[in-house]
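A.B. asks: My questions will all concern the structure given below.
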Amino acid sequence: MKALILVGGYGTRLRPLTLSVPKPLVEFANKPILLHQVEALVKAGVDHVILAVSYMSDLLEREMRVQEERLGIKISLSHEKEPLGTAGPLALARELLTDNDEPFFVLNSDVICDFPFEDMLKFHKHHGREGTISLRAVRLQPARSPTSAVCSQVTKVEEPSKYGVVVYEAENGRIHRFVEKPQVFVSNKINAGMYIFSPSMLKRIQLRPTSIEKEIFPLMAEENHLYAMELQGFWMDIGQPKDFLTGMCMYLQSVRQTAPDRLTTGTGFLGNVLVDPTAVIGQNCTIGPNVTIGAGVVLEDGVRIKRCTVLKGSRVRSHSWLESCIVGWSSSVGQWVRMENVTVLGEDVIVNDELYLNGANVLPHKSITDSVPEPRIIM
Amino acid sequence: MLKAVILIGGPQKGTRFRPLSFEVPKPLFPVAGVPMLQHHIEACAKVPNMKEILLIGFYQSNEELTRFMISAQQEFKISIRYLQEYAALGTGGGIYHFRDQILSGGPEAFFIMNADVCSEFPLCEMLHFQKEHGDPSSLVILGTTANRKQSMNYGCIVENQETNEVLHYVEKPSTFVSDIINCGIYLFTPEIFQHIGAVFQKNQQDMLLYPYEGDDLTNGNGWHRAEAIRLEQDIFTALAGQGKLYVYKTPAFWSQIKSAGSAIYASRLYLNQYHKTHKERLATNKDGGPRISGNVYVHPTANIDPTAVLGPNVSIGTGVTIGAGVRVRESIILHGATLQDHSCVLNCIVGWDSSVGKWARVEGTPSDPNPNDPYAKIDSETLFRDGKLTPSITILGCNVTIPAEVIILNSIVLPHKDLNRSFKNQIIL
């Protein structure tokens, strides 16, 4: 079976991390984002993964060779030289996707969840139509109106302009309507960015910039060829640092439920904490909840870390305090440093002792010598 | 014989020193480990023939002041007395009111010093200068050089460069007059009282002629208006250019102590001076002791973990407890305070008996003068600018509790507050 993963381009929303490493290779919970998806696909029977990229990276190509060996599958790269939207890349990979009659997966590369690929496949084969999309339900929040009773019944989707919204029959999963970015309330079921298609569906897509949500799905829905399956468990688009950290918390919670032995517990560890075996942690530290510590990381004595990802090879020096941060590969955080509010350090950043970073977004190879008391970007 | 008079002001003065001045009269606030006044007294006690030090102010006599004077008398073996004004009489009015006390015993000269200055106190040099400069009854003002822009915040002195006579004196001019400023330290002879007396007479006459005209010094209470006299505006301005008033310029360190930020700057100046005058007051790196960087004062009763790092410019008061891995820099920690493990205290005054929780960060912004300008003085910053609190030294009043893991940045916390979250750029009542 095949899978097409829409990797896209420069991953600009996850800068500064993606200035050093292509987004699929950024480690999420100590494993490259892409690998979370690929390993789950392999488990569901996929033996050929196609990465749709708009920017070719040597690093990505090389790493994919390594994973091919390791997982015993084939990985191809489909390179779009001009922007093709969200459906175009499927047309570009048409040859690869249609060499047999098996359905194929399509995923957005930023999605992290309890990948239900086996269930989706079963469901798709059961209904026998051209497309299955996964759905997530969003919690509705009452509109915050300070004044009158008139507005008390108005409800609002998380971010109505952001998503594709689905109206469907819950009993059999048939989708009646697919509305991209609705202006008024339609439904609280949202496209979760993971699909299965039968190869015949590719006839609908031409090789030009095409939006799958605006142009393809609505038609498929009308023709009763689009079915939906609701996701259980967590879901997050981790394409930007704030959401990356939220997704990390959800993922760690899911690990606690499914494989708690992977987490580190004991004195000095609170809540869900994932620590690479090669990391070194000093005395009198308090780590967690919701922390991921990468390979070769050194945490010196008296460090307090909460809700952070510390990437490979970094060092956090003694008595520092970090909350809601991402520390980039090989960075060094000085002594008595305080970092908070989604501070992101790119690769090889040095933060001097005794500084305060509040929402600082620091590009790679920078030395920070002054505090950043209000959120800003440090180039 | 000689005497010294230290003008210590009163509770209505020194409001820029709140909330620290709620607990202790500003002149007794510890700077570089000892009360502000003690630096003056130590300097006076070193002058040969100094027989008595008089403190003039309008604080009600209180326990701390009394205790301080008693212990200072014992330590320095010199008579120290407090003369309490019945009302704020100004820098000239106070000494005029107590002129008999000042002149008793027949001193040939006496120093007048403001309590809220930090200085090397070159008193012997001033005496020498007075003798050398012709008229032995001349009045000497200690002056120092400021940069042009800042000079207008002080009393400005125009001098005759050859004779050092003061030709012109203006207090806080609105345009540039001179870069030589008044340090608030004077050497007078008994003759000064004639000059003050003349102003006093004139004031009384004016009062009779214009009984309802306001005078900001006494809030319109006319009864003692005549007695409120300011040395600077009323006396020096009049005496300038008459061959009576001279300025002795010193290159030595000098600073006003008006705000909490300037207390930290003054601490730095005095701690640095300890290398020459009181080496025993500077902490050193010892086995089992904390790591000391730069000039640090630690009271012997303080309890400090060996993994703490202190300095530069840190004063630790009596009975302070400092936990493991604590970092303190450019700060004053007042007695009884506790800094728990891994906390970080920078540019801050931590009040008596306050407590800073684990991993908390308490940080202020220094208001130091520009280090590249040798004549720059500390800014007398206003508390607010453009409607926002100016970033300044963080002050924790007495008995304030800072919880673990929070940040308190550029804030002032009034006494007896228990905080429960982070604060930035705020005054917390």
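Labels used: A, B, ... for chains in the order of the structure tokens, numbers from 1 for residues in each chain, and numbers from 1 for ligands as shown.
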For chain B against chain A, which residues fall within 7 Å using only C-alpha atoms, given as a list in words?

C.D. replies: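 Here they are: Gly325, His342, Cys344 and Trp359 of chain B.
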
A.B. asks: For Ile427 (chain B), list every protein, DNA or RNA residue within 12 Å, evaluated using only C-alpha atoms, and leave out those in the same chain fewer than 5 positions away; present the list as a PyMOL selection string.

C.D. replies: chain B and resi 18-19+383-384+388-397+408-415+417

A.B. asks: For the residues selected in the previous step, produce a file with N, CA, C and O atoms as a JSON list (two decimals), in the first residue's frame.

C.D. replies:
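Output file part-v3.json is given in full below:
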```
[["chain", "number", "residue", "atom", "x", "y", "z"],
["B", 18, "ARG", "N", 10.43, 55.64, 49.55],
["B", 18, "ARG", "CA", 9.41, 54.67, 49.94],
["B", 18, "ARG", "C", 9.50, 53.46, 49.03],
["B", 18, "ARG", "O", 9.92, 53.59, 47.90],
["B", 19, "PRO", "N", 9.07, 52.29, 49.45],
["B", 19, "PRO", "CA", 8.51, 51.93, 50.75],
["B", 19, "PRO", "C", 9.56, 51.63, 51.82],
["B", 19, "PRO", "O", 9.22, 51.29, 52.94],
["B", 383, "LEU", "N", 9.13, 58.64, 38.84],
["B", 383, "LEU", "CA", 8.59, 57.31, 39.00],
["B", 383, "LEU", "C", 7.85, 56.86, 37.74],
["B", 383, "LEU", "O", 7.92, 55.71, 37.33],
["B", 384, "PHE", "N", 7.13, 57.78, 37.14],
["B", 384, "PHE", "CA", 6.38, 57.46, 35.93],
["B", 384, "PHE", "C", 6.86, 58.31, 34.78],
["B", 384, "PHE", "O", 7.25, 59.45, 34.95],
["B", 388, "LYS", "N", 3.74, 55.40, 32.12],
["B", 388, "LYS", "CA", 4.18, 54.06, 32.51],
["B", 388, "LYS", "C", 5.26, 54.16, 33.58],
["B", 388, "LYS", "O", 6.02, 55.12, 33.63],
["B", 389, "LEU", "N", 5.34, 53.11, 34.39],
["B", 389, "LEU", "CA", 6.34, 53.07, 35.44],
["B", 389, "LEU", "C", 7.73, 52.96, 34.78],
["B", 389, "LEU", "O", 7.96, 52.10, 33.95],
["B", 390, "THR", "N", 8.63, 53.86, 35.17],
["B", 390, "THR", "CA", 9.98, 53.79, 34.62],
["B", 390, "THR", "C", 10.69, 52.55, 35.15],
["B", 390, "THR", "O", 10.68, 52.33, 36.35],
["B", 391, "PRO", "N", 11.32, 51.75, 34.28],
["B", 391, "PRO", "CA", 12.04, 50.58, 34.79],
["B", 391, "PRO", "C", 13.08, 51.02, 35.80],
["B", 391, "PRO", "O", 13.89, 51.91, 35.52],
["B", 392, "SER", "N", 13.06, 50.41, 36.98],
["B", 392, "SER", "CA", 13.99, 50.83, 38.02],
["B", 392, "SER", "C", 14.29, 49.64, 38.92],
["B", 392, "SER", "O", 13.82, 48.53, 38.67],
["B", 393, "ILE", "N", 15.06, 49.92, 39.97],
["B", 393, "ILE", "CA", 15.38, 48.89, 40.95],
["B", 393, "ILE", "C", 14.09, 48.29, 41.50],
["B", 393, "ILE", "O", 13.15, 49.01, 41.82],
["B", 394, "THR", "N", 14.06, 46.98, 41.62],
["B", 394, "THR", "CA", 12.90, 46.34, 42.26],
["B", 394, "THR", "C", 13.07, 46.41, 43.77],
["B", 394, "THR", "O", 14.15, 46.17, 44.29],
["B", 395, "ILE", "N", 11.99, 46.82, 44.44],
["B", 395, "ILE", "CA", 12.06, 46.92, 45.89],
["B", 395, "ILE", "C", 10.99, 46.03, 46.50],
["B", 395, "ILE", "O", 9.81, 46.11, 46.14],
["B", 396, "LEU", "N", 11.41, 45.17, 47.42],
["B", 396, "LEU", "CA", 10.46, 44.41, 48.23],
["B", 396, "LEU", "C", 10.45, 45.06, 49.60],
["B", 396, "LEU", "O", 11.49, 45.15, 50.26],
["B", 397, "GLY", "N", 9.27, 45.52, 50.02],
["B", 397, "GLY", "CA", 9.18, 46.14, 51.34],
["B", 397, "GLY", "C", 9.40, 45.12, 52.43],
["B", 397, "GLY", "O", 9.76, 43.97, 52.16],
["B", 408, "ILE", "N", 9.54, 38.70, 39.39],
["B", 408, "ILE", "CA", 9.12, 40.03, 39.80],
["B", 408, "ILE", "C", 10.11, 40.98, 39.15],
["B", 408, "ILE", "O", 11.29, 41.00, 39.50],
["B", 409, "LEU", "N", 9.64, 41.75, 38.19],
["B", 409, "LEU", "CA", 10.53, 42.55, 37.35],
["B", 409, "LEU", "C", 10.17, 44.01, 37.47],
["B", 409, "LEU", "O", 9.01, 44.39, 37.26],
["B", 410, "ASN", "N", 11.16, 44.87, 37.75],
["B", 410, "ASN", "CA", 10.94, 46.32, 37.78],
["B", 410, "ASN", "C", 9.70, 46.71, 38.56],
["B", 410, "ASN", "O", 8.88, 47.51, 38.09],
["B", 411, "SER", "N", 9.52, 46.13, 39.73],
["B", 411, "SER", "CA", 8.31, 46.40, 40.49],
["B", 411, "SER", "C", 8.64, 46.84, 41.90],
["B", 411, "SER", "O", 9.74, 46.63, 42.39],
["B", 412, "ILE", "N", 7.68, 47.48, 42.53],
["B", 412, "ILE", "CA", 7.83, 47.90, 43.91],
["B", 412, "ILE", "C", 6.72, 47.24, 44.71],
["B", 412, "ILE", "O", 5.53, 47.44, 44.39],
["B", 413, "VAL", "N", 7.06, 46.47, 45.72],
["B", 413, "VAL", "CA", 6.06, 45.76, 46.50],
["B", 413, "VAL", "C", 6.01, 46.35, 47.90],
["B", 413, "VAL", "O", 7.04, 46.40, 48.59],
["B", 414, "LEU", "N", 4.84, 46.80, 48.31],
["B", 414, "LEU", "CA", 4.72, 47.43, 49.61],
["B", 414, "LEU", "C", 4.77, 46.37, 50.72],
["B", 414, "LEU", "O", 4.54, 45.19, 50.49],
["B", 415, "PRO", "N", 5.05, 46.81, 51.96],
["B", 415, "PRO", "CA", 5.31, 45.84, 53.03],
["B", 415, "PRO", "C", 4.15, 44.89, 53.29],
["B", 415, "PRO", "O", 2.99, 45.19, 52.99],
["B", 417, "LYS", "N", 3.12, 42.16, 51.98],
["B", 417, "LYS", "CA", 2.34, 41.57, 50.89],
["B", 417, "LYS", "C", 2.78, 40.13, 50.68],
["B", 417, "LYS", "O", 3.97, 39.80, 50.71]]
```

A.B. asks: Residues at most 7 Å from region 187-202 of chain B, counting only C-alpha atoms, excluding those fewer than 3 positions away in the same chain, as a VMD selection string?

C.D. replies: chain B and resid 96 108 to 112 137 139 to 141 205 to 206 226 to 227 235

A.B. asks: Got time to write the residues from that selection, N, CA, C and O atoms, as a compact mmCIF listing (two decimals), in the first residue's frame?

C.D. replies:
```txt
# COMPACT_ATOMS: atom_id res chain seq x y z
N TYR B 96 20.36 77.63 62.04
CA TYR B 96 20.22 78.95 62.65
C TYR B 96 19.50 78.82 63.99
O TYR B 96 19.88 79.42 64.98
N GLU B 108 36.11 76.85 66.06
CA GLU B 108 36.52 77.89 65.10
C GLU B 108 35.86 77.64 63.74
O GLU B 108 35.74 78.55 62.93
N ALA B 109 35.44 76.41 63.49
CA ALA B 109 34.75 76.10 62.24
C ALA B 109 33.91 74.85 62.46
O ALA B 109 34.12 74.11 63.43
N PHE B 110 32.94 74.64 61.58
CA PHE B 110 32.15 73.41 61.68
C PHE B 110 31.69 73.00 60.29
O PHE B 110 31.44 73.84 59.42
N PHE B 111 31.58 71.69 60.11
CA PHE B 111 31.08 71.15 58.85
C PHE B 111 29.57 71.05 58.91
O PHE B 111 28.98 70.80 59.96
N ILE B 112 28.93 71.26 57.77
CA ILE B 112 27.50 70.96 57.61
C ILE B 112 27.42 69.92 56.51
O ILE B 112 28.01 70.11 55.44
N SER B 137 38.12 83.06 57.65
CA SER B 137 36.71 82.93 58.01
C SER B 137 35.85 82.66 56.78
O SER B 137 34.65 82.79 56.81
N LEU B 139 33.81 80.76 53.87
CA LEU B 139 32.90 79.63 53.88
C LEU B 139 33.21 78.77 52.66
O LEU B 139 33.35 79.28 51.56
N VAL B 140 33.30 77.48 52.86
CA VAL B 140 33.70 76.57 51.76
C VAL B 140 32.56 75.62 51.42
O VAL B 140 31.98 75.00 52.29
N ILE B 141 32.29 75.57 50.14
CA ILE B 141 31.33 74.57 49.64
C ILE B 141 32.14 73.48 48.95
O ILE B 141 33.04 73.79 48.15
N GLN B 205 10.41 90.97 58.24
CA GLN B 205 9.88 92.24 57.76
C GLN B 205 8.92 92.01 56.60
O GLN B 205 7.85 92.60 56.55
N ASP B 206 9.33 91.13 55.68
CA ASP B 206 8.47 90.83 54.52
C ASP B 206 7.13 90.30 54.99
O ASP B 206 6.09 90.63 54.42
N ALA B 226 9.17 82.77 58.71
CA ALA B 226 10.42 83.51 58.72
C ALA B 226 11.59 82.61 59.04
O ALA B 226 12.70 82.82 58.58
N GLU B 227 11.33 81.59 59.85
CA GLU B 227 12.43 80.75 60.30
C GLU B 227 12.85 79.70 59.27
O GLU B 227 13.87 79.05 59.44
N ILE B 235 20.89 81.81 50.98
CA ILE B 235 22.17 82.29 51.51
C ILE B 235 23.25 82.31 50.44
O ILE B 235 23.87 83.34 50.18
```

A.B. asks: Just how far from CA of Phe236 (chain B) is CA of His40 (chain B), in Å to one decimal?

C.D. replies: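 About the pair CA of His40 (chain B) and CA of Phe236 (chain B): they are 22.9 Å apart.
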
A.B. asks: Within 7 Å of Cys156 (chain B), counting only C-alpha atoms, which residues qualify if same-chain residues fewer than 5 places away don't, as a count of residues only?

C.D. replies: 11

A.B. asks: Which residues in region 11-134 of chain B does DSSP call alpha helix (DSSP H)? List them as a PyMOL selection string.

C.D. replies: chain B and resi 36-45+63-76+90-97+99-103+123-132

A.B. asks: Glu162 (chain B): which residues within 12 Å, counting only C-alpha atoms, same-chain residues fewer than 4 positions away excluded, as number ranges by chain?

C.D. replies: B: 133, 166-167, 246-248

A.B. asks: Next, write the just-selected residues to a file, as a PDB file, in the first residue's frame, keeping all heavy atoms as the atom set.

C.D. replies:
```pdb
ATOM      1  N   HIS B 133      43.366  79.627  51.721  1.00  0.00           N
ATOM      2  CA  HIS B 133      42.761  80.547  50.767  1.00  0.00           C
ATOM      3  C   HIS B 133      42.539  81.947  51.283  1.00  0.00           C
ATOM      4  O   HIS B 133      41.522  82.549  51.030  1.00  0.00           O
ATOM      5  CB  HIS B 133      41.453  79.959  50.235  1.00  0.00           C
ATOM      6  CG  HIS B 133      41.670  79.352  48.890  1.00  0.00           C
ATOM      7  ND1 HIS B 133      42.368  78.170  48.773  1.00  0.00           N
ATOM      8  CD2 HIS B 133      41.382  79.773  47.650  1.00  0.00           C
ATOM      9  CE1 HIS B 133      42.474  77.886  47.492  1.00  0.00           C
ATOM     10  NE2 HIS B 133      41.890  78.842  46.780  1.00  0.00           N
ATOM     11  N   VAL B 166      33.372  81.708  44.851  1.00  0.00           N
ATOM     12  CA  VAL B 166      32.091  81.471  44.184  1.00  0.00           C
ATOM     13  C   VAL B 166      31.556  82.805  43.699  1.00  0.00           C
ATOM     14  O   VAL B 166      31.267  83.701  44.484  1.00  0.00           O
ATOM     15  CB  VAL B 166      31.070  80.826  45.156  1.00  0.00           C
ATOM     16  CG1 VAL B 166      29.704  80.723  44.500  1.00  0.00           C
ATOM     17  CG2 VAL B 166      31.557  79.446  45.582  1.00  0.00           C
ATOM     18  N   LEU B 167      31.470  82.952  42.392  1.00  0.00           N
ATOM     19  CA  LEU B 167      30.998  84.209  41.822  1.00  0.00           C
ATOM     20  C   LEU B 167      29.481  84.231  41.689  1.00  0.00           C
ATOM     21  O   LEU B 167      28.848  85.273  41.741  1.00  0.00           O
ATOM     22  CB  LEU B 167      31.626  84.407  40.434  1.00  0.00           C
ATOM     23  CG  LEU B 167      33.154  84.507  40.438  1.00  0.00           C
ATOM     24  CD1 LEU B 167      33.683  84.550  39.019  1.00  0.00           C
ATOM     25  CD2 LEU B 167      33.598  85.736  41.229  1.00  0.00           C
ATOM     26  N   TYR B 246      33.636  80.217  48.950  1.00  0.00           N
ATOM     27  CA  TYR B 246      34.605  79.556  48.098  1.00  0.00           C
ATOM     28  C   TYR B 246      34.168  78.124  47.803  1.00  0.00           C
ATOM     29  O   TYR B 246      33.393  77.536  48.555  1.00  0.00           O
ATOM     30  CB  TYR B 246      35.984  79.548  48.778  1.00  0.00           C
ATOM     31  CG  TYR B 246      36.604  80.921  48.803  1.00  0.00           C
ATOM     32  CD1 TYR B 246      36.218  81.847  49.770  1.00  0.00           C
ATOM     33  CD2 TYR B 246      37.549  81.298  47.839  1.00  0.00           C
ATOM     34  CE1 TYR B 246      36.759  83.126  49.778  1.00  0.00           C
ATOM     35  CE2 TYR B 246      38.084  82.566  47.847  1.00  0.00           C
ATOM     36  CZ  TYR B 246      37.688  83.481  48.810  1.00  0.00           C
ATOM     37  OH  TYR B 246      38.219  84.740  48.809  1.00  0.00           O
ATOM     38  N   VAL B 247      34.697  77.612  46.708  1.00  0.00           N
ATOM     39  CA  VAL B 247      34.372  76.223  46.382  1.00  0.00           C
ATOM     40  C   VAL B 247      35.651  75.397  46.335  1.00  0.00           C
ATOM     41  O   VAL B 247      36.636  75.800  45.724  1.00  0.00           O
ATOM     42  CB  VAL B 247      33.589  76.119  45.052  1.00  0.00           C
ATOM     43  CG1 VAL B 247      34.385  76.730  43.886  1.00  0.00           C
ATOM     44  CG2 VAL B 247      33.247  74.672  44.747  1.00  0.00           C
ATOM     45  N   TYR B 248      35.621  74.256  47.030  1.00  0.00           N
ATOM     46  CA  TYR B 248      36.730  73.304  46.954  1.00  0.00           C
ATOM     47  C   TYR B 248      36.268  72.153  46.083  1.00  0.00           C
ATOM     48  O   TYR B 248      35.337  71.434  46.440  1.00  0.00           O
ATOM     49  CB  TYR B 248      37.112  72.820  48.355  1.00  0.00           C
ATOM     50  CG  TYR B 248      38.117  71.688  48.313  1.00  0.00           C
ATOM     51  CD1 TYR B 248      39.433  71.912  47.905  1.00  0.00           C
ATOM     52  CD2 TYR B 248      37.748  70.384  48.665  1.00  0.00           C
ATOM     53  CE1 TYR B 248      40.339  70.877  47.840  1.00  0.00           C
ATOM     54  CE2 TYR B 248      38.656  69.343  48.611  1.00  0.00           C
ATOM     55  CZ  TYR B 248      39.950  69.599  48.180  1.00  0.00           C
ATOM     56  OH  TYR B 248      40.845  68.571  48.115  1.00  0.00           O
TER      57      TYR B 248
END
```

A.B. asks: Taking only region 1-156 of chain A into account, list the residues labelled strand (DSSP E or B) by DSSP (computed from the backbone), as a PyMOL selection string.

C.D. replies: chain A and resi 2-8+27-28+31-32+48-53+74-79+85+104-108+111-113+131-137+141-142+155-156

A.B. asks: If you measure from CA of Thr401 (chain B) to CA of Pro375 (chain A), what distance in Å do you get, rounded to one decimal?

C.D. replies: 27.4 Å

A.B. asks: What's the 10 Å shell around region 295-298 of chain A, counting only C-alpha atoms, without same-chain residues fewer than 4 positions away, as a PyMOL selection string?

C.D. replies: chain A and resi 30+275-282+310-317+329-332

A.B. asks: Work out how far CA of Ile157 (chain B) is from CA of Ser174 (chain B), in Å to one decimal.

C.D. replies: 14.0 Å

A.B. asks: So, with only C-alpha atoms as the atoms that count, which of A:Phe234, A:Phe269, A:Phe115, A:Tyr195 lies closest to Ala87 (chain A)?

C.D. replies: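 Looking at the shortest contact to Ala87 (chain A), the residue is A:Tyr195.
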